[in-house]
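Content type TSV, C-alpha atoms, from the file run_34.tsv:
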```tsv
chain	number	residue	atom	x	y	z
U	3	MET	CA	128.92	95.34	111.53
U	4	GLU	CA	125.16	95.60	111.09
U	5	GLN	CA	124.14	97.15	107.79
U	6	PRO	CA	120.60	98.58	107.61
U	7	LEU	CA	119.01	98.29	104.19
U	8	ARG	CA	116.27	100.77	103.34
U	9	GLN	CA	114.57	99.86	100.09
U	10	THR	CA	111.48	100.95	98.20
U	11	LEU	CA	108.75	98.37	98.65
U	12	VAL	CA	106.96	96.85	95.71
U	13	CYS	CA	103.53	95.45	96.57
U	14	GLY	CA	101.71	92.96	94.41
U	15	GLY	CA	98.53	90.95	94.74
U	16	THR	CA	96.84	87.97	93.20
U	17	ASN	CA	93.19	86.93	93.36
U	18	ARG	CA	94.07	83.29	93.39
U	19	ILE	CA	97.10	81.10	93.97
U	20	ASP	CA	99.32	80.55	90.92
U	21	THR	CA	97.90	83.52	89.01
U	22	GLU	CA	100.08	86.31	87.71
U	23	ALA	CA	100.85	89.05	90.24
U	24	TYR	CA	99.93	92.66	89.58
U	25	ALA	CA	100.66	95.97	91.28
U	26	TYR	CA	98.56	96.52	94.40
U	27	GLN	CA	96.34	99.60	94.26
U	28	PRO	CA	95.10	100.90	97.65
U	29	GLY	CA	91.35	101.38	97.65
U	30	LYS	CA	90.73	99.42	94.48
U	31	ASP	CA	92.27	96.19	95.75
U	32	GLY	CA	91.49	96.74	99.43
U	33	ILE	CA	88.30	95.56	101.13
U	34	PRO	CA	85.86	98.39	101.99
U	35	ILE	CA	85.07	99.07	105.65
U	36	TYR	CA	81.58	97.69	106.23
U	37	GLN	CA	79.56	97.77	109.45
U	38	THR	CA	77.97	94.30	109.25
U	39	TRP	CA	79.19	90.80	108.51
U	40	ASP	CA	76.44	90.38	105.90
U	41	GLU	CA	77.93	93.25	103.90
U	42	TYR	CA	81.32	91.53	103.90
U	43	GLN	CA	79.70	88.29	102.75
U	44	ASP	CA	77.85	90.06	99.94
U	45	TYR	CA	81.08	91.72	98.88
U	46	ASP	CA	82.94	88.42	98.85
U	47	GLN	CA	80.22	86.73	96.78
U	48	GLY	CA	80.10	89.61	94.35
U	49	ILE	CA	83.83	89.62	93.71
U	50	SER	CA	85.00	86.02	93.98
U	51	GLY	CA	88.22	85.46	95.87
U	52	ARG	CA	88.78	89.06	96.94
U	53	LYS	CA	88.73	88.33	100.68
U	54	MET	CA	91.30	85.58	100.15
U	55	GLN	CA	93.55	87.77	98.02
U	56	LEU	CA	97.24	87.24	98.61
U	57	LEU	CA	99.48	90.26	99.09
U	58	GLU	CA	103.20	89.99	98.59
U	59	ILE	CA	105.61	92.67	99.77
U	60	GLY	CA	108.97	92.39	98.10
U	61	TRP	CA	112.04	94.49	97.50
U	62	ASN	CA	115.38	94.19	95.75
U	63	ILE	CA	118.32	93.55	98.09
U	64	SER	CA	121.55	95.29	97.19
U	65	ALA	CA	124.45	92.96	96.38
U	66	THR	CA	126.44	92.29	99.55
U	67	SER	CA	129.80	90.51	99.44
U	68	LYS	CA	130.34	90.31	103.19
U	69	ALA	CA	128.43	91.34	106.31
U	70	LYS	CA	128.09	90.14	109.87
U	71	SER	CA	124.37	90.77	109.74
U	72	LEU	CA	121.77	92.54	107.64
U	73	LYS	CA	118.86	94.57	108.96
U	74	PHE	CA	115.69	95.18	106.94
U	75	GLU	CA	113.29	97.99	107.74
U	76	VAL	CA	109.78	97.54	106.35
U	77	THR	CA	107.14	100.23	106.81
U	78	MET	CA	103.47	99.87	105.92
U	79	THR	CA	100.12	101.47	106.76
U	80	LEU	CA	97.12	99.33	107.66
U	81	VAL	CA	93.72	100.89	106.97
U	82	GLY	CA	90.54	99.50	108.52
U	83	ALA	CA	92.33	97.47	111.20
U	84	THR	CA	90.56	99.10	114.17
U	85	THR	CA	86.99	98.69	115.41
U	86	LEU	CA	85.47	101.60	117.35
U	87	TYR	CA	83.25	100.60	120.29
U	88	SER	CA	81.39	102.88	122.70
U	89	ASP	CA	84.15	102.69	125.31
U	90	VAL	CA	87.32	101.70	123.46
U	91	ALA	CA	88.90	101.34	120.04
U	92	LYS	CA	90.29	97.84	119.55
U	93	PHE	CA	92.59	96.12	117.07
U	94	GLN	CA	94.33	92.78	116.68
U	95	TRP	CA	97.57	92.50	114.71
U	96	GLU	CA	99.34	89.27	113.78
U	97	PRO	CA	102.83	90.11	112.44
U	98	VAL	CA	103.82	86.43	112.46
U	99	SER	CA	101.25	83.78	111.57
U	100	GLU	CA	101.33	80.04	112.20
U	101	LEU	CA	101.99	79.64	108.47
U	102	ASN	CA	105.40	81.29	108.85
U	103	GLU	CA	108.11	79.08	107.32
U	104	THR	CA	111.18	81.07	108.41
U	105	PRO	CA	112.52	80.83	111.98
U	106	ILE	CA	113.20	84.21	113.59
U	107	GLY	CA	115.71	84.75	116.38
U	108	LYS	CA	113.93	87.72	117.90
U	109	VAL	CA	110.91	89.87	117.02
U	110	THR	CA	110.56	93.33	118.55
U	111	GLY	CA	107.89	95.97	118.05
U	112	THR	CA	106.64	99.29	119.34
U	113	VAL	CA	102.97	100.32	119.26
U	114	ARG	CA	102.37	104.06	119.57
U	115	PHE	CA	98.85	105.15	120.44
U	116	PRO	CA	97.04	108.39	119.46
U	117	ASN	CA	97.67	111.58	121.40
U	118	GLY	CA	96.00	111.51	124.80
U	119	ILE	CA	96.52	107.78	125.30
U	120	THR	CA	98.76	106.61	128.13
U	121	ALA	CA	99.33	103.39	130.00
U	122	SER	CA	96.36	104.24	132.23
U	123	ASN	CA	93.74	104.34	129.46
U	124	SER	CA	95.05	101.65	127.14
U	125	TRP	CA	95.41	97.87	127.43
U	126	ALA	CA	97.33	95.27	125.49
U	127	TRP	CA	97.89	91.51	125.39
U	128	LEU	CA	100.67	89.70	123.54
U	129	HIS	CA	99.80	86.18	122.38
U	130	TYR	CA	102.92	84.03	122.06
U	131	THR	CA	103.76	80.58	123.42
U	132	GLY	CA	107.49	81.21	123.80
U	133	VAL	CA	109.53	83.63	125.90
U	134	SER	CA	108.33	87.21	125.49
U	135	THR	CA	108.34	90.56	127.27
U	136	THR	CA	106.20	93.71	127.22
U	137	GLU	CA	106.81	97.13	128.71
U	138	ARG	CA	105.48	100.67	128.51
U	139	GLY	CA	107.50	103.68	127.38
U	140	GLU	CA	107.50	107.23	128.73
U	141	ASN	CA	104.63	108.30	126.46
U	142	GLY	CA	102.50	105.19	126.98
U	143	GLU	CA	103.80	103.34	123.92
U	144	LEU	CA	103.89	99.57	124.13
U	145	LYS	CA	107.15	97.74	123.45
U	146	PHE	CA	107.21	94.00	122.98
U	147	ALA	CA	109.78	91.33	122.20
U	148	ALA	CA	109.54	87.62	121.43
U	149	ASN	CA	112.50	85.22	121.37
U	150	ASN	CA	113.05	82.14	119.23
U	151	VAL	CA	110.01	82.47	116.97
U	152	ARG	CA	110.13	79.03	115.45
U	153	VAL	CA	108.39	77.82	112.30
U	154	ASP	CA	104.60	77.41	112.80
U	155	ARG	CA	104.68	79.51	115.99
U	156	TYR	CA	102.41	82.55	115.70
U	157	LEU	CA	102.61	85.91	117.44
U	158	ASP	CA	99.82	88.43	117.67
U	159	LEU	CA	98.88	91.48	119.68
U	160	VAL	CA	95.49	92.67	120.92
U	161	ALA	CA	95.25	96.29	122.04
U	162	ALA	CA	92.47	98.63	123.16
U	163	PHE	CA	92.43	102.30	124.10
U	164	ASP	CA	89.95	104.97	125.14
U	165	SER	CA	87.50	105.69	122.31
U	166	SER	CA	87.32	109.43	123.04
U	167	VAL	CA	90.49	110.12	121.03
U	168	MET	CA	89.14	108.56	117.83
U	169	HIS	CA	87.85	110.84	115.10
U	170	ASP	CA	87.98	111.14	111.34
U	171	THR	CA	90.78	113.53	110.38
U	172	SER	CA	90.18	113.21	106.65
U	173	GLY	CA	87.13	115.47	106.42
U	174	GLY	CA	84.93	112.54	105.41
U	175	LYS	CA	87.22	111.41	102.59
U	176	ALA	CA	88.78	108.38	104.25
U	177	GLY	CA	86.07	105.94	103.18
U	178	GLN	CA	85.96	107.35	99.67
U	179	GLN	CA	89.24	105.62	98.76
U	180	TYR	CA	87.48	102.28	98.60
U	181	THR	CA	85.48	100.71	95.79
U	182	PRO	CA	82.63	100.83	96.63
U	183	ALA	CA	83.00	103.78	99.00
U	184	ASP	CA	82.13	103.27	102.64
U	185	ASP	CA	82.76	104.51	106.18
U	186	TRP	CA	86.13	105.57	107.64
U	187	ILE	CA	86.07	103.03	110.48
U	188	ARG	CA	84.14	99.94	111.60
U	189	LYS	CA	81.83	100.84	114.51
U	190	ARG	CA	79.89	99.02	117.23
U	191	ASP	CA	77.42	100.86	119.49
U	192	TYR	CA	78.16	98.91	122.68
U	193	ASP	CA	80.97	98.60	125.24
U	194	SER	CA	83.73	96.05	124.71
U	195	LEU	CA	86.46	96.50	127.32
U	196	ALA	CA	84.98	94.40	130.15
U	197	GLU	CA	84.30	91.48	127.82
U	198	LEU	CA	87.77	91.81	126.27
U	199	LYS	CA	89.47	91.75	129.68
U	200	GLN	CA	87.52	88.65	130.70
U	201	SER	CA	88.28	86.92	127.40
U	202	GLU	CA	92.00	87.56	127.75
U	203	LYS	CA	91.93	86.42	131.38
U	204	ASP	CA	90.26	83.17	130.33
U	205	LYS	CA	92.83	82.63	127.55
U	206	GLU	CA	95.69	83.14	130.00
U	207	ALA	CA	94.19	80.65	132.45
U	208	GLN	CA	93.71	78.11	129.66
U	209	ALA	CA	97.30	78.57	128.52
U	210	ARG	CA	98.58	78.00	132.05
U	211	ARG	CA	96.60	74.80	132.35
U	212	ALA	CA	98.05	73.54	129.09
U	213	THR	CA	101.67	73.97	130.27
```

So, in terms of structure tokens, how does the structure I just supplied come out?
Amino acid sequence: MEQPLRQTLVCGGTNRIDTEAYAYQPGKDGIPIYQTWDEYQDYDQGISGRKMQLLEIGWNISATSKAKSLKFEVTMTLVGATTLYSDVAKFQWEPVSELNETPIGKVTGTVRFPNGITASNSWAWLHYTGVSTTERGENGELKFAANNVRVDRYLDLVAAFDSSVMHDTSGGKAGQQYTPADDWIRKRDYDSLAELKQSEKDKEAQARRAT
């Protein structure tokens, strides 16, 4: 019988490998949302190692004497993961990197978009070299699954949706959580969708040639 385990997460970070871990503090330990690459470079030079900071998410597992399987539910919020263009908002998420050392039988996920977004004004591409599936739900949400995620096999998702639904709901306070304070989202004043579609089409063609 499957036993779901819901535990309180404990996040810790280190500036460098082999240094002592400490409690992660959102805003203080996170990277501010800058608008230019130069600003990110200046930030990295000013605080050595911050961009390469390691983040470990761990939790205590209750003692289990016998179980057919165990299910772990991990919830987290990613801030600053989306870039807002003139036509779309775009993000790329890699839940499993090529550095993964644990084989996974099956990975499933559901991406829910902001209100007003459906399958007709959103686009998504799943990057995975094994067997995978994607489908849309009743409210436009994207559901994906990947089978036999072996060691060193990465999985990531690129998604874009109509930019008209994006706005700051924090009253201007979102960027103030960072040190130093900055904007609530990364912005670009040009269109991106056409280029993104072409890029993904080219990647698919390249992948087909390689098989």

| said: Which residues are close to segment 79-88 of chain U, i.e. within 8 Å by all atoms listed in the file, leaving aside same-chain residues fewer than 5 positions away? Reply as a PyMOL selection string. | reply: chain U and resi 35+93-94+165+168+186-194

Of U:Val133, U:Trp127, U:Tyr36, U:Ser166, the one sitting nearest Ser201 of chain U when using all atoms listed in the file is U:Trp127

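Nearest-residue note for Tyr42 of chain U: choosing from U:Glu75, U:Asp184, U:Glu96, U:Glu58, the minimum distance belongs to U:Asp184, counting only C-alpha atoms.
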
Nearest-residue call for Asn149 of chain U, choices U:Ala162, U:Ile33, U:Val113, U:Ile106, using only C-alpha atoms
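Answer, going by the shortest atom-to-atom distance: U:Ile106.
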
From atom CA of Leu159 of chain U to atom CA of Tyr26 of chain U the spacing works out at 25.8 Å

Problem - Which of U:Arg138, U:Lys92, U:His129, U:Lys145 sits closest to Glu206 of chain U [using only C-alpha atoms] - result: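 Ranking U:Arg138, U:Lys92, U:His129, U:Lys145 by distance to Glu206 of chain U, first place goes to U:His129.
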
### Query
Between atom CA of Tyr45 of chain U and atom CA of Gly32 of chain U, what is the distance, to one decimal in Å?
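Atom CA of Tyr45 of chain U sits 11.6 Å away from atom CA of Gly32 of chain U.
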
| task | Pick out the closest residue to Thr120 of chain U from this set: U:Ser64, U:Thr135, U:Gln178, U:Asn141. Count only C-alpha atoms. | result |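 Answer, going by the shortest atom-to-atom distance: U:Asn141.
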
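Excluding Leu157 of chain U itself and same-chain residues fewer than 5 positions from it, the residues having an atom within 8 Å of it are U:Glu96, U:Pro97, U:Val98, U:Ser99, U:Glu100, U:Leu128, U:His129, U:Tyr130, counting all atoms listed in the file.
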
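Straight-line separation from atom CA of Tyr156 of chain U to atom CA of Thr131 of chain U: 8.1 Å.
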
Write out as a PyMOL selection string each polymer residue whose atoms come within 9 Å of Phe115 of chain U, counting all atoms listed in the file; drop sequence neighbours fewer than 6 positions from it. chain U and resi 124+141-144+163

Expected file contents, prior selection, C-alpha atoms, as a PDB file, in the coordinates of the input:
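What ended up in again_9.pdb:
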```pdb
ATOM      1  CA  SER U 124      95.050 101.650 127.140  1.00  0.00           C
ATOM      2  CA  ASN U 141     104.630 108.300 126.460  1.00  0.00           C
ATOM      3  CA  GLY U 142     102.500 105.190 126.980  1.00  0.00           C
ATOM      4  CA  GLU U 143     103.800 103.340 123.920  1.00  0.00           C
ATOM      5  CA  LEU U 144     103.890  99.570 124.130  1.00  0.00           C
ATOM      6  CA  PHE U 163      92.430 102.300 124.100  1.00  0.00           C
TER       7      PHE U 163
END
```

If you count only C-alpha atoms, the residue of U:Leu57, U:Leu101, U:Ala209, U:Ile119 closest to Asp164 of chain U turns out to be U:Ile119

Task: Expected answer as a ChimeraX atom specification: all residues with atoms within 7 Å of (109.6, 83.8, 116.5), all atoms listed in the file - done: /U:105-109,148-152,155

Restore N, CA, C and O atoms in segment 62-86 of chain U and list the result as a PDB file, keeping the file's coordinate frame.
```pdb
ATOM      1  N   ASN U  62     114.092  94.647  96.249  1.00  0.00           N
ATOM      2  CA  ASN U  62     115.380  94.190  95.750  1.00  0.00           C
ATOM      3  C   ASN U  62     116.451  94.453  96.808  1.00  0.00           C
ATOM      4  O   ASN U  62     116.557  95.551  97.350  1.00  0.00           O
ATOM      5  N   ILE U  63     117.244  93.437  97.106  1.00  0.00           N
ATOM      6  CA  ILE U  63     118.320  93.550  98.090  1.00  0.00           C
ATOM      7  C   ILE U  63     119.611  93.858  97.369  1.00  0.00           C
ATOM      8  O   ILE U  63     120.007  93.154  96.433  1.00  0.00           O
ATOM      9  N   SER U  64     120.278  94.911  97.798  1.00  0.00           N
ATOM     10  CA  SER U  64     121.550  95.290  97.190  1.00  0.00           C
ATOM     11  C   SER U  64     122.570  94.164  97.345  1.00  0.00           C
ATOM     12  O   SER U  64     122.602  93.466  98.357  1.00  0.00           O
ATOM     13  N   ALA U  65     123.420  93.996  96.331  1.00  0.00           N
ATOM     14  CA  ALA U  65     124.450  92.960  96.380  1.00  0.00           C
ATOM     15  C   ALA U  65     125.388  93.208  97.556  1.00  0.00           C
ATOM     16  O   ALA U  65     125.880  94.312  97.755  1.00  0.00           O
ATOM     17  N   THR U  66     125.600  92.181  98.366  1.00  0.00           N
ATOM     18  CA  THR U  66     126.440  92.290  99.550  1.00  0.00           C
ATOM     19  C   THR U  66     127.464  91.164  99.533  1.00  0.00           C
ATOM     20  O   THR U  66     127.102  89.986  99.523  1.00  0.00           O
ATOM     21  N   SER U  67     128.752  91.522  99.497  1.00  0.00           N
ATOM     22  CA  SER U  67     129.800  90.510  99.440  1.00  0.00           C
ATOM     23  C   SER U  67     130.123  89.933 100.806  1.00  0.00           C
ATOM     24  O   SER U  67     130.445  88.755 100.948  1.00  0.00           O
ATOM     25  N   LYS U  68     130.014  90.786 101.865  1.00  0.00           N
ATOM     26  CA  LYS U  68     130.340  90.310 103.190  1.00  0.00           C
ATOM     27  C   LYS U  68     129.678  91.200 104.234  1.00  0.00           C
ATOM     28  O   LYS U  68     129.715  92.425 104.133  1.00  0.00           O
ATOM     29  N   ALA U  69     129.054  90.587 105.227  1.00  0.00           N
ATOM     30  CA  ALA U  69     128.430  91.340 106.310  1.00  0.00           C
ATOM     31  C   ALA U  69     128.180  90.413 107.480  1.00  0.00           C
ATOM     32  O   ALA U  69     127.839  89.239 107.289  1.00  0.00           O
ATOM     33  N   LYS U  70     128.353  90.942 108.679  1.00  0.00           N
ATOM     34  CA  LYS U  70     128.090  90.140 109.870  1.00  0.00           C
ATOM     35  C   LYS U  70     126.607  89.899 110.030  1.00  0.00           C
ATOM     36  O   LYS U  70     126.175  88.822 110.441  1.00  0.00           O
ATOM     37  N   SER U  71     125.824  90.913 109.699  1.00  0.00           N
ATOM     38  CA  SER U  71     124.370  90.770 109.740  1.00  0.00           C
ATOM     39  C   SER U  71     123.748  91.822 108.842  1.00  0.00           C
ATOM     40  O   SER U  71     124.382  92.818 108.497  1.00  0.00           O
ATOM     41  N   LEU U  72     122.514  91.593 108.459  1.00  0.00           N
ATOM     42  CA  LEU U  72     121.770  92.540 107.640  1.00  0.00           C
ATOM     43  C   LEU U  72     120.465  92.870 108.339  1.00  0.00           C
ATOM     44  O   LEU U  72     119.807  91.994 108.887  1.00  0.00           O
ATOM     45  N   LYS U  73     120.088  94.119 108.322  1.00  0.00           N
ATOM     46  CA  LYS U  73     118.860  94.570 108.960  1.00  0.00           C
ATOM     47  C   LYS U  73     117.934  95.139 107.904  1.00  0.00           C
ATOM     48  O   LYS U  73     118.333  95.957 107.085  1.00  0.00           O
ATOM     49  N   PHE U  74     116.672  94.709 107.902  1.00  0.00           N
ATOM     50  CA  PHE U  74     115.690  95.180 106.940  1.00  0.00           C
ATOM     51  C   PHE U  74     114.617  95.987 107.653  1.00  0.00           C
ATOM     52  O   PHE U  74     114.061  95.530 108.650  1.00  0.00           O
ATOM     53  N   GLU U  75     114.335  97.151 107.177  1.00  0.00           N
ATOM     54  CA  GLU U  75     113.290  97.990 107.740  1.00  0.00           C
ATOM     55  C   GLU U  75     112.125  98.056 106.761  1.00  0.00           C
ATOM     56  O   GLU U  75     112.284  98.509 105.634  1.00  0.00           O
ATOM     57  N   VAL U  76     110.966  97.571 107.188  1.00  0.00           N
ATOM     58  CA  VAL U  76     109.780  97.540 106.350  1.00  0.00           C
ATOM     59  C   VAL U  76     108.700  98.386 107.008  1.00  0.00           C
ATOM     60  O   VAL U  76     108.365  98.176 108.174  1.00  0.00           O
ATOM     61  N   THR U  77     108.169  99.360 106.287  1.00  0.00           N
ATOM     62  CA  THR U  77     107.140 100.230 106.810  1.00  0.00           C
ATOM     63  C   THR U  77     105.872 100.095 105.977  1.00  0.00           C
ATOM     64  O   THR U  77     105.944 100.077 104.746  1.00  0.00           O
ATOM     65  N   MET U  78     104.727  99.968 106.638  1.00  0.00           N
ATOM     66  CA  MET U  78     103.470  99.870 105.920  1.00  0.00           C
ATOM     67  C   MET U  78     102.363 100.523 106.742  1.00  0.00           C
ATOM     68  O   MET U  78     102.506 100.714 107.953  1.00  0.00           O
ATOM     69  N   THR U  79     101.280 100.883 106.086  1.00  0.00           N
ATOM     70  CA  THR U  79     100.120 101.470 106.760  1.00  0.00           C
ATOM     71  C   THR U  79      98.935 100.540 106.583  1.00  0.00           C
ATOM     72  O   THR U  79      98.611 100.145 105.468  1.00  0.00           O
ATOM     73  N   LEU U  80      98.287 100.189 107.689  1.00  0.00           N
ATOM     74  CA  LEU U  80      97.120  99.330 107.660  1.00  0.00           C
ATOM     75  C   LEU U  80      95.873 100.177 107.851  1.00  0.00           C
ATOM     76  O   LEU U  80      95.749 100.886 108.850  1.00  0.00           O
ATOM     77  N   VAL U  81      94.954 100.119 106.907  1.00  0.00           N
ATOM     78  CA  VAL U  81      93.720 100.890 106.970  1.00  0.00           C
ATOM     79  C   VAL U  81      92.559  99.938 107.265  1.00  0.00           C
ATOM     80  O   VAL U  81      92.451  98.876 106.664  1.00  0.00           O
ATOM     81  N   GLY U  82      91.686 100.330 108.194  1.00  0.00           N
ATOM     82  CA  GLY U  82      90.540  99.500 108.520  1.00  0.00           C
ATOM     83  C   GLY U  82      90.837  98.399 109.510  1.00  0.00           C
ATOM     84  O   GLY U  82      90.073  97.434 109.628  1.00  0.00           O
ATOM     85  N   ALA U  83      91.943  98.521 110.263  1.00  0.00           N
ATOM     86  CA  ALA U  83      92.330  97.470 111.200  1.00  0.00           C
ATOM     87  C   ALA U  83      91.697  97.639 112.575  1.00  0.00           C
ATOM     88  O   ALA U  83      91.754  96.729 113.398  1.00  0.00           O
ATOM     89  N   THR U  84      91.087  98.795 112.843  1.00  0.00           N
ATOM     90  CA  THR U  84      90.560  99.100 114.170  1.00  0.00           C
ATOM     91  C   THR U  84      89.038  99.126 114.162  1.00  0.00           C
ATOM     92  O   THR U  84      88.420  99.605 113.213  1.00  0.00           O
ATOM     93  N   THR U  85      88.438  98.614 115.215  1.00  0.00           N
ATOM     94  CA  THR U  85      86.990  98.690 115.410  1.00  0.00           C
ATOM     95  C   THR U  85      86.717  99.654 116.566  1.00  0.00           C
ATOM     96  O   THR U  85      87.332  99.547 117.627  1.00  0.00           O
ATOM     97  N   LEU U  86      85.797 100.588 116.349  1.00  0.00           N
ATOM     98  CA  LEU U  86      85.470 101.600 117.350  1.00  0.00           C
ATOM     99  C   LEU U  86      84.218 101.189 118.111  1.00  0.00           C
ATOM    100  O   LEU U  86      83.125 101.103 117.540  1.00  0.00           O
TER     101      LEU U  86
END
```
